[in-house]
$ cat protein18.cif   # mmCIF, C-alpha atoms and all ligand atoms
data_entry
loop_
_atom_site.label_atom_id
_atom_site.label_comp_id
_atom_site.auth_asym_id
_atom_site.auth_seq_id
_atom_site.Cartn_x
_atom_site.Cartn_y
_atom_site.Cartn_z
CA MET I 1495 109.55 -3.68 202.51
CA LYS I 1496 111.84 -0.89 203.65
CA TYR I 1497 113.03 2.01 201.51
CA TYR I 1498 116.40 3.69 201.77
CA SER I 1499 117.53 7.07 200.51
CA LEU I 1500 119.85 6.99 197.51
CA ASN I 1501 121.83 9.72 199.32
CA HIS I 1502 122.36 7.29 202.24
CA GLN I 1503 122.07 10.00 204.92
CA SER I 1504 118.51 9.32 206.16
CA PRO I 1505 116.97 6.42 208.09
CA ASP I 1506 115.18 3.62 206.23
CA VAL I 1507 111.39 3.95 206.17
CA SER I 1508 108.27 1.92 205.38
CA PHE I 1509 106.15 2.41 202.25
CA ARG I 1510 103.81 4.51 204.38
CA GLU I 1511 106.54 6.94 205.43
CA ALA I 1512 108.09 7.04 201.97
CA THR I 1513 104.69 7.92 200.44
CA ILE I 1514 103.89 10.62 202.98
CA GLN I 1515 107.36 12.20 202.84
CA GLY I 1516 107.84 11.97 199.08
CA GLN I 1517 111.54 12.71 199.24
CA ALA I 1518 113.96 11.61 201.98
CA PRO I 1519 115.08 14.30 204.48
CA ASP I 1520 118.61 14.17 203.00
CA GLY I 1521 117.16 15.17 199.60
CA GLY I 1522 117.61 11.66 198.16
CA LEU I 1523 115.08 9.54 196.30
CA TYR I 1524 113.69 6.49 198.06
CA PHE I 1525 114.56 3.07 196.67
CA PRO I 1526 113.28 -0.39 197.71
CA GLN I 1527 115.72 -2.51 199.73
CA SER I 1528 115.06 -5.54 197.56
CA ILE I 1529 113.43 -6.25 194.20
CA PRO I 1530 111.29 -9.40 193.94
CA VAL I 1531 112.34 -11.77 191.15
CA TYR I 1532 109.81 -14.04 189.43
CA ASN I 1533 110.58 -17.21 187.51
CA GLU I 1534 109.70 -18.13 183.94
CA LYS I 1535 106.54 -19.96 185.03
CA TRP I 1536 105.25 -16.80 186.72
CA TRP I 1537 105.81 -14.79 183.55
CA THR I 1538 103.84 -17.36 181.52
CA GLU I 1539 100.99 -17.54 184.01
CA VAL I 1540 100.77 -13.79 184.33
CA LYS I 1541 99.42 -13.66 180.79
CA LEU I 1542 96.13 -15.15 182.01
CA LYS I 1543 95.54 -12.85 184.97
CA SER I 1544 93.34 -9.76 185.12
CA LYS I 1545 94.96 -6.32 185.22
CA ALA I 1546 93.83 -5.79 188.84
CA GLU I 1547 95.19 -9.19 189.93
CA ILE I 1548 98.56 -8.44 188.38
CA ALA I 1549 98.60 -5.03 190.06
CA PHE I 1550 97.88 -6.63 193.42
CA ASP I 1551 100.48 -9.41 193.03
CA LEU I 1552 103.16 -7.04 191.86
CA MET I 1553 102.56 -4.23 194.35
CA SER I 1554 102.02 -6.38 197.48
CA PRO I 1555 105.71 -6.95 198.32
CA TYR I 1556 106.41 -3.24 197.80
CA ILE I 1557 103.64 -2.17 200.18
CA GLY I 1558 104.41 -4.75 202.88
CA ASP I 1559 102.34 -4.77 206.05
CA VAL I 1560 101.36 -1.10 206.17
CA MET I 1561 98.01 -1.77 204.44
CA GLU I 1562 95.47 -4.61 204.70
CA SER I 1563 95.26 -6.71 201.55
CA GLN I 1564 91.57 -5.86 201.17
CA THR I 1565 92.43 -2.16 200.87
CA LEU I 1566 95.25 -2.83 198.43
CA HIS I 1567 92.86 -4.93 196.32
CA ARG I 1568 90.39 -2.06 196.14
CA ILE I 1569 93.10 0.48 195.29
CA CYS I 1570 94.48 -1.76 192.53
CA GLU I 1571 91.04 -2.28 191.01
CA GLU I 1572 90.33 1.45 190.96
CA THR I 1573 93.78 2.33 189.62
CA VAL I 1574 93.72 0.17 186.47
CA ASP I 1575 90.03 0.18 185.54
CA PHE I 1576 90.64 1.39 181.97
CA GLU I 1577 92.00 -0.24 178.81
CA MET I 1578 95.71 -0.25 177.90
CA PRO I 1579 95.59 -1.96 174.51
CA LEU I 1580 98.61 -2.97 172.44
CA VAL I 1581 97.79 -1.82 168.90
CA ARG I 1582 99.71 -2.82 165.78
CA ILE I 1583 101.04 0.16 163.79
CA ASN I 1584 103.03 -1.72 161.13
CA ASN I 1585 104.86 -5.01 160.61
CA ASN I 1586 107.22 -4.72 163.54
CA ILE I 1587 106.03 -1.75 165.64
CA PHE I 1588 103.21 -1.80 168.18
CA SER I 1589 101.77 1.02 170.29
CA LEU I 1590 100.89 0.47 173.94
CA GLU I 1591 98.13 3.06 174.36
CA LEU I 1592 98.35 4.49 177.86
CA PHE I 1593 95.98 7.39 177.24
CA HIS I 1594 92.60 5.82 177.94
CA GLY I 1595 92.48 7.03 181.56
CA PRO I 1596 90.52 10.03 182.87
CA THR I 1597 93.04 12.73 181.84
CA LEU I 1598 94.20 11.04 178.61
CA ALA I 1599 97.84 10.69 179.70
CA PHE I 1600 99.84 7.86 181.25
CA LYS I 1601 100.35 9.71 184.53
CA ASP I 1602 96.82 8.66 185.56
CA VAL I 1603 97.94 5.26 186.87
CA GLY I 1604 100.65 6.64 189.15
CA ALA I 1605 98.51 9.55 190.31
CA ARG I 1606 95.51 7.35 191.09
CA PHE I 1607 97.56 4.81 192.99
CA MET I 1608 99.37 7.43 195.04
CA SER I 1609 96.25 9.46 195.82
CA ARG I 1610 94.43 6.42 197.17
CA CYS I 1611 97.42 5.34 199.26
CA LEU I 1612 97.79 8.83 200.70
CA GLY I 1613 94.05 9.01 201.36
CA TYR I 1614 94.27 5.73 203.25
CA PHE I 1615 97.29 6.83 205.28
CA ALA I 1616 95.63 10.19 205.98
CA THR I 1617 92.63 8.58 207.67
CA ASN I 1618 94.97 7.64 210.54
CA ASN I 1619 96.07 11.24 210.67
CA THR I 1620 93.80 13.66 212.56
CA ARG I 1621 94.92 16.78 210.71
CA GLY I 1622 94.28 15.59 207.18
CA VAL I 1623 96.83 16.02 204.42
CA THR I 1624 97.36 18.96 202.08
CA VAL I 1625 98.98 18.15 198.76
CA LEU I 1626 100.79 21.11 197.20
CA VAL I 1627 101.72 20.79 193.56
CA ALA I 1628 103.07 23.05 190.83
CA THR I 1629 102.28 21.95 187.29
CA SER I 1630 103.28 22.90 183.77
CA GLY I 1631 100.24 20.99 182.46
CA ASP I 1632 99.84 17.23 182.58
CA THR I 1633 100.81 16.39 186.15
CA GLY I 1634 98.24 18.71 187.70
CA GLY I 1635 95.33 17.21 185.78
CA ALA I 1636 96.27 13.64 186.68
CA VAL I 1637 96.77 14.60 190.32
CA ALA I 1638 93.47 16.53 190.47
CA SER I 1639 91.53 13.67 188.94
CA GLY I 1640 93.29 11.11 191.15
CA PHE I 1641 92.61 12.97 194.40
CA LEU I 1642 89.05 14.11 193.68
CA ASP I 1643 86.77 13.08 196.57
CA VAL I 1644 89.57 11.28 198.44
CA PRO I 1645 88.57 11.87 202.09
CA GLY I 1646 91.07 13.62 204.36
CA VAL I 1647 93.07 15.07 201.48
CA GLU I 1648 92.98 18.60 200.09
CA VAL I 1649 94.90 19.43 196.90
CA ILE I 1650 96.24 22.87 196.00
CA ILE I 1651 97.50 23.15 192.43
CA LEU I 1652 99.48 26.10 191.12
CA TYR I 1653 99.64 26.60 187.38
CA PRO I 1654 101.07 29.38 185.19
CA SER I 1655 98.38 31.63 183.74
CA GLY I 1656 98.07 31.42 179.95
CA ARG I 1657 100.78 28.77 179.62
CA VAL I 1658 98.71 25.61 179.87
CA SER I 1659 96.39 24.48 177.09
CA GLU I 1660 92.62 25.03 177.27
CA VAL I 1661 92.01 21.31 177.86
CA GLN I 1662 94.67 21.20 180.54
CA GLU I 1663 93.18 24.22 182.34
CA LEU I 1664 89.73 22.64 182.27
CA GLN I 1665 91.19 19.44 183.72
CA LEU I 1666 92.71 21.44 186.58
CA THR I 1667 89.89 23.79 187.41
CA THR I 1668 86.52 22.10 186.85
CA HIS I 1669 86.56 19.62 189.73
CA GLY I 1670 85.88 21.94 192.67
CA LYS I 1671 85.34 20.08 195.98
CA ASN I 1672 88.72 19.18 197.53
CA ILE I 1673 90.68 20.39 194.49
CA ILE I 1674 91.82 24.02 194.62
CA ALA I 1675 93.34 25.59 191.51
CA LEU I 1676 95.49 28.71 191.77
CA GLU I 1677 96.17 30.56 188.53
CA VAL I 1678 99.54 32.20 189.05
CA SER I 1679 100.37 35.27 186.96
CA GLY I 1680 103.87 34.00 186.21
CA SER I 1681 105.82 31.05 184.84
CA PHE I 1682 105.99 27.40 185.86
CA ASP I 1683 109.24 28.21 187.67
CA ASP I 1684 107.37 30.85 189.72
CA CYS I 1685 104.79 28.21 190.69
CA GLN I 1686 107.51 25.83 191.71
CA ARG I 1687 109.27 28.53 193.72
CA LEU I 1688 106.08 29.26 195.71
CA VAL I 1689 105.57 25.56 196.45
CA LYS I 1690 109.18 25.09 197.55
CA ALA I 1691 109.01 28.15 199.80
CA ALA I 1692 105.86 26.82 201.48
CA PHE I 1693 107.56 23.47 202.13
CA ALA I 1694 110.51 25.26 203.71
CA ASP I 1695 108.30 27.50 205.90
CA ALA I 1696 108.04 26.23 209.50
CA GLU I 1697 104.92 28.32 210.22
CA ILE I 1698 103.11 26.75 207.26
CA ARG I 1699 104.19 23.27 208.28
CA GLU I 1700 102.76 23.89 211.73
CA HIS I 1701 99.35 24.62 210.24
CA PHE I 1702 99.28 21.98 207.53
CA PHE I 1703 100.38 18.41 207.10
CA LEU I 1704 102.01 19.10 203.74
CA THR I 1705 103.07 16.62 201.12
CA SER I 1706 103.97 16.77 197.44
CA ALA I 1707 102.52 14.82 194.53
CA ASN I 1708 105.86 14.84 192.82
CA SER I 1709 106.74 12.13 190.33
CA ILE I 1710 109.64 10.97 192.50
CA ASN I 1711 107.17 9.68 195.12
CA VAL I 1712 107.48 5.87 195.32
CA ALA I 1713 103.70 5.51 195.27
CA ARG I 1714 103.66 7.21 191.88
CA TRP I 1715 106.81 5.57 190.55
CA LEU I 1716 106.34 1.90 191.45
CA PRO I 1717 102.92 1.22 189.85
CA GLN I 1718 104.24 2.43 186.48
CA GLN I 1719 105.99 -0.92 186.05
CA LEU I 1720 102.50 -2.34 185.43
CA TYR I 1721 102.46 -0.90 181.90
CA TYR I 1722 105.32 -3.18 180.94
CA ILE I 1723 103.59 -6.26 182.35
CA TYR I 1724 100.37 -5.40 180.48
CA ALA I 1725 102.39 -4.99 177.28
CA TRP I 1726 103.95 -8.42 177.87
CA GLN I 1727 100.48 -9.93 178.39
CA GLN I 1728 99.48 -8.81 174.92
CA TRP I 1729 102.80 -9.60 173.24
CA LEU I 1730 102.43 -12.59 170.90
CA ASN I 1731 105.89 -12.80 169.25
CA ASP I 1732 108.41 -15.39 170.44
CA GLU I 1733 111.25 -12.89 170.71
CA PRO I 1734 111.10 -10.36 173.59
CA PRO I 1735 110.29 -6.79 172.51
CA VAL I 1736 112.46 -3.72 172.15
CA ILE I 1737 110.64 -1.07 174.22
CA SER I 1738 110.86 2.61 173.35
CA VAL I 1739 109.90 5.01 176.16
CA PRO I 1740 109.37 8.74 175.60
CA SER I 1741 111.41 10.05 178.51
CA GLY I 1742 111.56 13.31 180.44
CA ASN I 1743 112.07 12.82 184.15
CA PHE I 1744 112.86 9.11 183.53
CA GLY I 1745 110.28 7.78 186.02
CA ASN I 1746 108.50 5.69 183.41
CA ILE I 1747 111.60 4.00 181.99
CA ALA I 1748 113.06 3.47 185.48
CA ALA I 1749 109.84 1.61 186.35
CA GLY I 1750 110.27 -0.50 183.20
CA LEU I 1751 113.78 -1.37 184.31
CA LEU I 1752 112.39 -2.42 187.68
CA ALA I 1753 110.04 -4.87 185.90
CA TYR I 1754 113.04 -6.09 183.90
CA LYS I 1755 114.97 -6.71 187.13
CA SER I 1756 111.97 -8.75 188.30
CA GLY I 1757 112.43 -11.00 185.27
CA LEU I 1758 110.32 -9.38 182.54
CA PRO I 1759 111.63 -10.47 179.12
CA VAL I 1760 112.86 -7.36 177.28
CA ARG I 1761 115.36 -7.27 174.42
CA GLN I 1762 116.37 -3.63 174.76
CA PHE I 1763 115.11 -0.37 176.23
CA ILE I 1764 115.27 2.86 174.26
CA ALA I 1765 115.18 6.14 176.16
CA ALA I 1766 113.61 8.34 173.49
CA CYS I 1767 114.30 12.01 174.20
CA ASN I 1768 113.47 15.30 172.49
CA SER I 1769 116.14 18.04 172.24
CA ASN I 1770 116.62 17.75 175.99
CA ASP I 1771 119.38 15.21 175.50
CA VAL I 1772 121.17 14.93 178.86
CA PHE I 1773 120.78 11.13 178.91
CA THR I 1774 121.64 10.65 175.22
CA GLU I 1775 124.86 12.58 175.82
CA TYR I 1776 125.58 10.57 178.97
CA LEU I 1777 125.51 7.32 176.99
CA LYS I 1778 127.93 8.79 174.47
CA SER I 1779 130.42 10.27 176.93
CA ALA I 1780 129.85 8.47 180.27
CA ILE I 1781 129.53 11.93 181.81
CA TYR I 1782 126.26 13.14 183.30
CA GLN I 1783 125.88 16.87 182.80
CA SER I 1784 122.54 18.58 183.48
CA LYS I 1785 121.48 21.33 181.07
CA GLU I 1786 119.07 24.25 180.79
CA THR I 1787 115.66 23.04 179.63
CA VAL I 1788 114.81 23.61 175.96
CA ALA I 1789 111.12 24.13 175.01
CA THR I 1790 109.84 21.55 172.50
CA MET I 1791 106.52 20.32 171.10
CA SER I 1792 106.72 17.22 173.35
CA ASN I 1793 106.71 19.49 176.38
CA ALA I 1794 106.09 16.87 179.08
CA MET I 1795 109.61 15.68 178.29
CA ASP I 1796 111.25 19.10 178.59
CA VAL I 1797 113.52 18.20 181.50
CA GLY I 1798 117.16 19.22 181.74
CA ASP I 1799 118.08 17.27 184.88
CA PRO I 1800 115.98 14.09 185.08
CA SER I 1801 115.32 13.22 188.76
CA ASN I 1802 115.05 9.50 188.18
CA PHE I 1803 118.46 9.17 186.53
CA VAL I 1804 119.84 8.09 189.92
CA ARG I 1805 117.28 5.27 190.04
CA VAL I 1806 118.25 4.10 186.53
CA LEU I 1807 121.90 4.02 187.61
CA ARG I 1808 121.07 2.16 190.81
CA LEU I 1809 119.01 -0.44 188.89
CA LEU I 1810 121.74 -1.16 186.33
CA ASP I 1811 124.73 -0.69 188.68
CA ASP I 1812 127.00 1.54 186.62
CA TYR I 1813 127.66 3.14 183.24
CA LYS I 1814 128.50 -0.21 181.67
CA GLY I 1815 125.30 -1.79 182.94
CA VAL I 1816 123.21 1.13 181.67
CA LYS I 1817 124.91 1.07 178.28
CA GLU I 1818 124.19 -2.66 177.88
CA MET I 1819 120.46 -2.46 178.48
CA VAL I 1820 119.47 1.05 177.42
CA CYS I 1821 120.21 3.04 174.31
CA SER I 1822 119.01 6.55 173.58
CA GLU I 1823 118.24 8.92 170.76
CA SER I 1824 117.45 12.62 170.76
CA VAL I 1825 114.73 13.48 168.23
CA SER I 1826 114.26 17.06 166.98
CA ASP I 1827 110.89 18.82 166.66
CA SER I 1828 111.12 18.74 162.88
CA ASP I 1829 111.68 14.94 162.90
CA THR I 1830 108.83 14.61 165.41
CA LYS I 1831 106.51 16.46 163.02
CA SER I 1832 107.55 14.47 159.95
CA THR I 1833 107.11 11.23 161.93
CA ILE I 1834 103.55 12.19 162.93
CA ALA I 1835 102.73 13.04 159.29
CA GLU I 1836 104.36 9.92 157.83
CA VAL I 1837 102.90 7.42 160.30
CA TYR I 1838 99.47 8.94 159.77
CA ARG I 1839 99.78 8.81 155.99
CA LYS I 1840 101.33 5.33 155.74
CA TYR I 1841 99.57 3.45 158.54
CA LYS I 1842 96.54 5.61 159.42
CA TYR I 1843 97.79 5.81 163.01
CA LEU I 1844 97.85 9.18 164.75
CA LEU I 1845 100.71 9.64 167.22
CA ASP I 1846 100.95 12.45 169.75
CA PRO I 1847 104.31 14.33 169.84
CA HIS I 1848 105.64 12.21 172.76
CA GLY I 1849 104.74 8.91 171.11
CA ALA I 1850 106.21 10.20 167.84
CA VAL I 1851 109.60 10.78 169.49
CA ALA I 1852 109.52 7.19 170.74
CA PHE I 1853 108.39 5.86 167.34
CA LYS I 1854 111.19 7.63 165.49
CA ALA I 1855 113.86 6.32 167.88
CA LEU I 1856 112.46 2.77 167.65
CA GLU I 1857 112.21 2.86 163.86
CA ASN I 1858 115.86 3.92 163.61
CA TYR I 1859 116.90 1.17 166.01
CA LEU I 1860 114.98 -1.54 164.14
CA MET I 1861 116.51 -0.43 160.86
CA LEU I 1862 119.93 -1.32 162.32
CA HIS I 1863 118.61 -4.53 163.93
CA PRO I 1864 116.56 -6.38 161.31
CA GLY I 1865 114.33 -9.19 162.53
CA MET I 1866 113.52 -7.50 165.85
CA SER I 1867 110.19 -5.93 166.73
CA GLY I 1868 109.18 -3.45 169.34
CA ILE I 1869 106.71 -1.42 171.35
CA VAL I 1870 106.22 2.34 171.59
CA LEU I 1871 104.69 3.60 174.82
CA GLU I 1872 102.08 6.08 173.58
CA THR I 1873 101.82 8.29 176.67
CA ALA I 1874 99.18 10.85 175.65
CA HIS I 1875 96.14 11.18 173.41
CA PRO I 1876 96.98 13.35 170.36
CA VAL I 1877 93.98 15.59 171.05
CA LYS I 1878 95.78 16.92 174.15
CA PHE I 1879 98.28 18.43 171.72
CA ALA I 1880 95.82 19.32 168.98
CA PRO I 1881 97.30 22.80 168.27
CA ALA I 1882 100.65 21.14 167.48
CA VAL I 1883 99.36 18.03 165.71
CA GLU I 1884 96.49 19.37 163.58
CA PRO I 1885 98.63 21.59 161.30
CA VAL I 1886 100.99 18.64 160.74
CA ILE I 1887 98.28 16.34 159.40
CA GLY I 1888 96.10 19.10 157.96
CA GLU I 1889 93.01 17.73 159.68
CA LYS I 1890 90.95 18.32 162.82
CA ILE I 1891 91.29 15.67 165.54
CA GLU I 1892 87.99 14.40 166.84
CA MET I 1893 87.37 15.16 170.53
CA PRO I 1894 86.71 12.09 172.67
CA ALA I 1895 83.33 12.29 174.44
CA LYS I 1896 85.16 12.42 177.80
CA LEU I 1897 86.66 15.78 176.84
CA LEU I 1898 83.57 17.33 175.28
CA THR I 1899 81.74 17.28 178.62
CA LEU I 1900 84.66 19.18 180.19
CA PHE I 1901 83.75 22.26 178.18
CA GLU I 1902 80.33 22.42 179.82
CA ASN I 1903 81.78 22.71 183.32
CA LYS I 1904 82.41 25.80 185.38
CA LYS I 1905 86.02 26.72 186.18
CA TRP I 1906 86.84 27.12 189.89
CA LYS I 1907 90.07 29.04 190.25
CA THR I 1908 91.69 31.78 192.28
CA LYS I 1909 94.14 34.23 190.75
CA MET I 1910 97.42 34.54 192.57
CA ALA I 1911 100.38 36.91 192.23
CA PRO I 1912 103.77 35.19 192.00
CA ASP I 1913 104.64 36.54 195.43
CA TYR I 1914 105.33 34.29 198.40
CA ALA I 1915 103.92 36.72 201.01
CA VAL I 1916 100.58 36.76 199.16
CA PHE I 1917 100.57 32.98 198.77
CA LYS I 1918 101.38 32.48 202.45
CA ASP I 1919 98.55 34.80 203.54
CA TYR I 1920 96.22 32.86 201.31
CA LEU I 1921 97.26 29.52 202.81
CA LEU I 1922 97.04 30.72 206.42
CA SER I 1923 93.61 32.30 205.90
CA ARG I 1924 92.12 29.04 204.62
C1 LIG I 2001 105.37 12.95 181.92
C2 LIG I 2001 105.26 12.53 180.50
C3 LIG I 2001 106.33 11.89 179.82
C4 LIG I 2001 107.69 11.66 180.46
O1 LIG I 2001 107.66 10.65 181.45
P1 LIG I 2001 108.84 10.57 182.52
O2 LIG I 2001 108.41 9.50 183.47
O3 LIG I 2001 108.93 11.91 183.16
O4 LIG I 2001 110.08 10.20 181.78
C5 LIG I 2001 106.13 11.48 178.51
N1 LIG I 2001 104.95 11.71 177.88
C6 LIG I 2001 103.92 12.34 178.49
C7 LIG I 2001 102.67 12.59 177.72
C8 LIG I 2001 104.02 12.76 179.82
O5 LIG I 2001 103.00 13.40 180.41
#
$ encode --input "protein18.cif" --output "structure tokens"
Amino acid sequence: MKYYSLNHQSPDVSFREATIQGQAPDGGLYFPQSIPVYNEKWWTEVKLKSKAEIAFDLMSPYIGDVMESQTLHRICEETVDFEMPLVRINNNIFSLELFHGPTLAFKDVGARFMSRCLGYFATNNTRGVTVLVATSGDTGGAVASGFLDVPGVEVIILYPSGRVSEVQELQLTTHGKNIIALEVSGSFDDCQRLVKAAFADAEIREHFFLTSANSINVARWLPQQLYYIYAWQQWLNDEPPVISVPSGNFGNIAAGLLAYKSGLPVRQFIAACNSNDVFTEYLKSAIYQSKETVATMSNAMDVGDPSNFVRVLRLLDDYKGVKEMVCSESVSDSDTKSTIAEVYRKYKYLLDPHGAVAFKALENYLMLHPGMSGIVLETAHPVKFAPAVEPVIGEKIEMPAKLLTLFENKKWKTKMAPDYAVFKDYLLSR
């Protein structure tokens, strides 16, 4: 499989090159030259396969000949070795729980798959690879956990001091080994600025083989379509589901649309957004206009210019195509809170703020479309957002055992001023 840049000004590359580069030299996102289509029989038989088998079958054509099948098998097995159960919330709404991975958020699958691919490609690379990543919280933890102990890869994570939650900081800083955490005395934007400056610095690039662990990387994006196949495996109704996806950078929903293009039965996609409503407004007006980011309680979706919008458009051809398959709703923080409280009271199911946005949008849709039923992608464990969720339900959330052990670990971190000269010295002295 070859990948082309959606800006059309860079040469086509293999999966290997696309993974190592992240973004095309012309600034475009990579996109596969063709999308495999499976027939009805395949979609029936897939229900009987194991998660790892499905991952292997689905990813093989996208990887092509740049990896032996034995290696891809191993990577697939390691990537999806946790549960992703479809749980009934009420009569017509189900939750696909994607938070049973090591960092309790859905980004684990993409981060694990990408880290293992990069690790494999790095072994043919004498210098080793340095992954530089700025995080506002969730991405860094998933990347750190995914890359831990991957030979030939060193990860440097920059995070804003005092602006990530305690759990998130522990997930970034307690690994040690090949994971280096830099606590920047500044904002997330400062972290991102330092990372961008390093990428643009020829002297740095001479010393390091740098790559990013950005969500636009095809190795992170493509495996996310697996969630939708696993949901289908567990779907028992005759009618295809309406699927509501809590969306920020639109990587997750774009991966769902990829599965749909491969033949997955889906009735309708809902792009559930918080007050960052660029996509919701696009569907209303046919005009895409990026906006300043607004801070909300579902902060992993606080994105004012979703990178993967171009992939959504490419997958569905044009505005008309998008409008036919995807609808969108923007849900306020106050509706998010009342949804968490109501769902907990009525159905004894505790949503996190991101899942609650998706639930609210789906509930509204189903009210207008009686007889249909649907799935909410629950992308994070509510305990990750305990300070926001606990006051809403008036109860403490029980810590999963996985998290409790985190608190016993030592933090390994280096403080860093938000100053590129200081950061550069640090990198060059390593
Ligand atoms: C990243 C994230 C999202 C948004 O996913 P996108 O692929 O960026 O649309 C939603 N929920 C949680 C918990 C996340 O971490």
$ closest_residue --input "protein18.cif" --among "I:Lys1854, I:Lys1817, I:Arg1699, I:His1848" --to "Lys1778 (chain I)" --atoms "all atoms listed in the file"
I:Lys1817
$ residues_near_ligand --input "protein18.cif" --ligand "ligand LIG 2001 (chain I)" --cutoff "7 Å" --atoms "all atoms listed in the file" --output "PyMOL selection string"
chain I and resi 1599-1601+1632-1633+1740-1747+1794-1795+1848+1873-1874
$ residues_near_point --input "protein18.cif" --point "(122.3, 11.6, 179.3)" --cutoff "10 Å" --atoms "only C-alpha atoms" --output "ChimeraX atom specification"
/I:1765,1767,1770-1785,1798-1800,1803,1822-1824
$ residues_near_point --input "protein18.cif" --point "(102.5, 33.7, 199.4)" --cutoff "12 Å" --atoms "only C-alpha atoms" --output "VMD selection string"
chain I and resid 1652 1676 1678 1684 to 1685 1687 to 1693 1695 1698 1910 to 1923
$ atom_distance --input "protein18.cif" --atom1 "CA of Leu1809 (chain I)" --atom2 "CA of Asn1533 (chain I)"
18.8 Å
$ residues_around --input "protein18.cif" --residues "region 1565-1568 of chain I" --least-positions-apart "5" --cutoff "8 Å" --atoms "all atoms listed in the file" --output "PyMOL selection string"
chain I and resi 1546+1550+1554
$ residues_around --input "protein18.cif" --residues "Asn1584 (chain I)" --least-positions-apart "3" --cutoff "8 Å" --atoms "only C-alpha atoms" --output "list in words"
Ile1587, Phe1588 and Tyr1841 of chain I
$ closest_residue --input "protein18.cif" --among "I:Thr1617, I:Gln1718, I:Gln1665, I:Ser1828" --to "Gly1646 (chain I)" --atoms "all atoms listed in the file"
I:Thr1617
$ atom_distance --input "protein18.cif" --atom1 "CA of Leu1523 (chain I)" --atom2 "CA of Lys1545 (chain I)"
27.9 Å
$ closest_residue --input "protein18.cif" --among "I:Leu1716, I:Val1644, I:Val1760, I:Ala1636" --to "Phe1525 (chain I)" --atoms "only C-alpha atoms"
I:Leu1716
$ closest_residue --input "protein18.cif" --among "I:Ala1616, I:Arg1606, I:Ser1792, I:Gly1522" --to "Phe1879 (chain I)" --atoms "only C-alpha atoms"
I:Ser1792
$ closest_residue --input "protein18.cif" --among "I:Ser1738, I:Thr1513, I:Ser1508, I:Ser1499" --to "Tyr1614 (chain I)" --atoms "only C-alpha atoms"
I:Thr1513
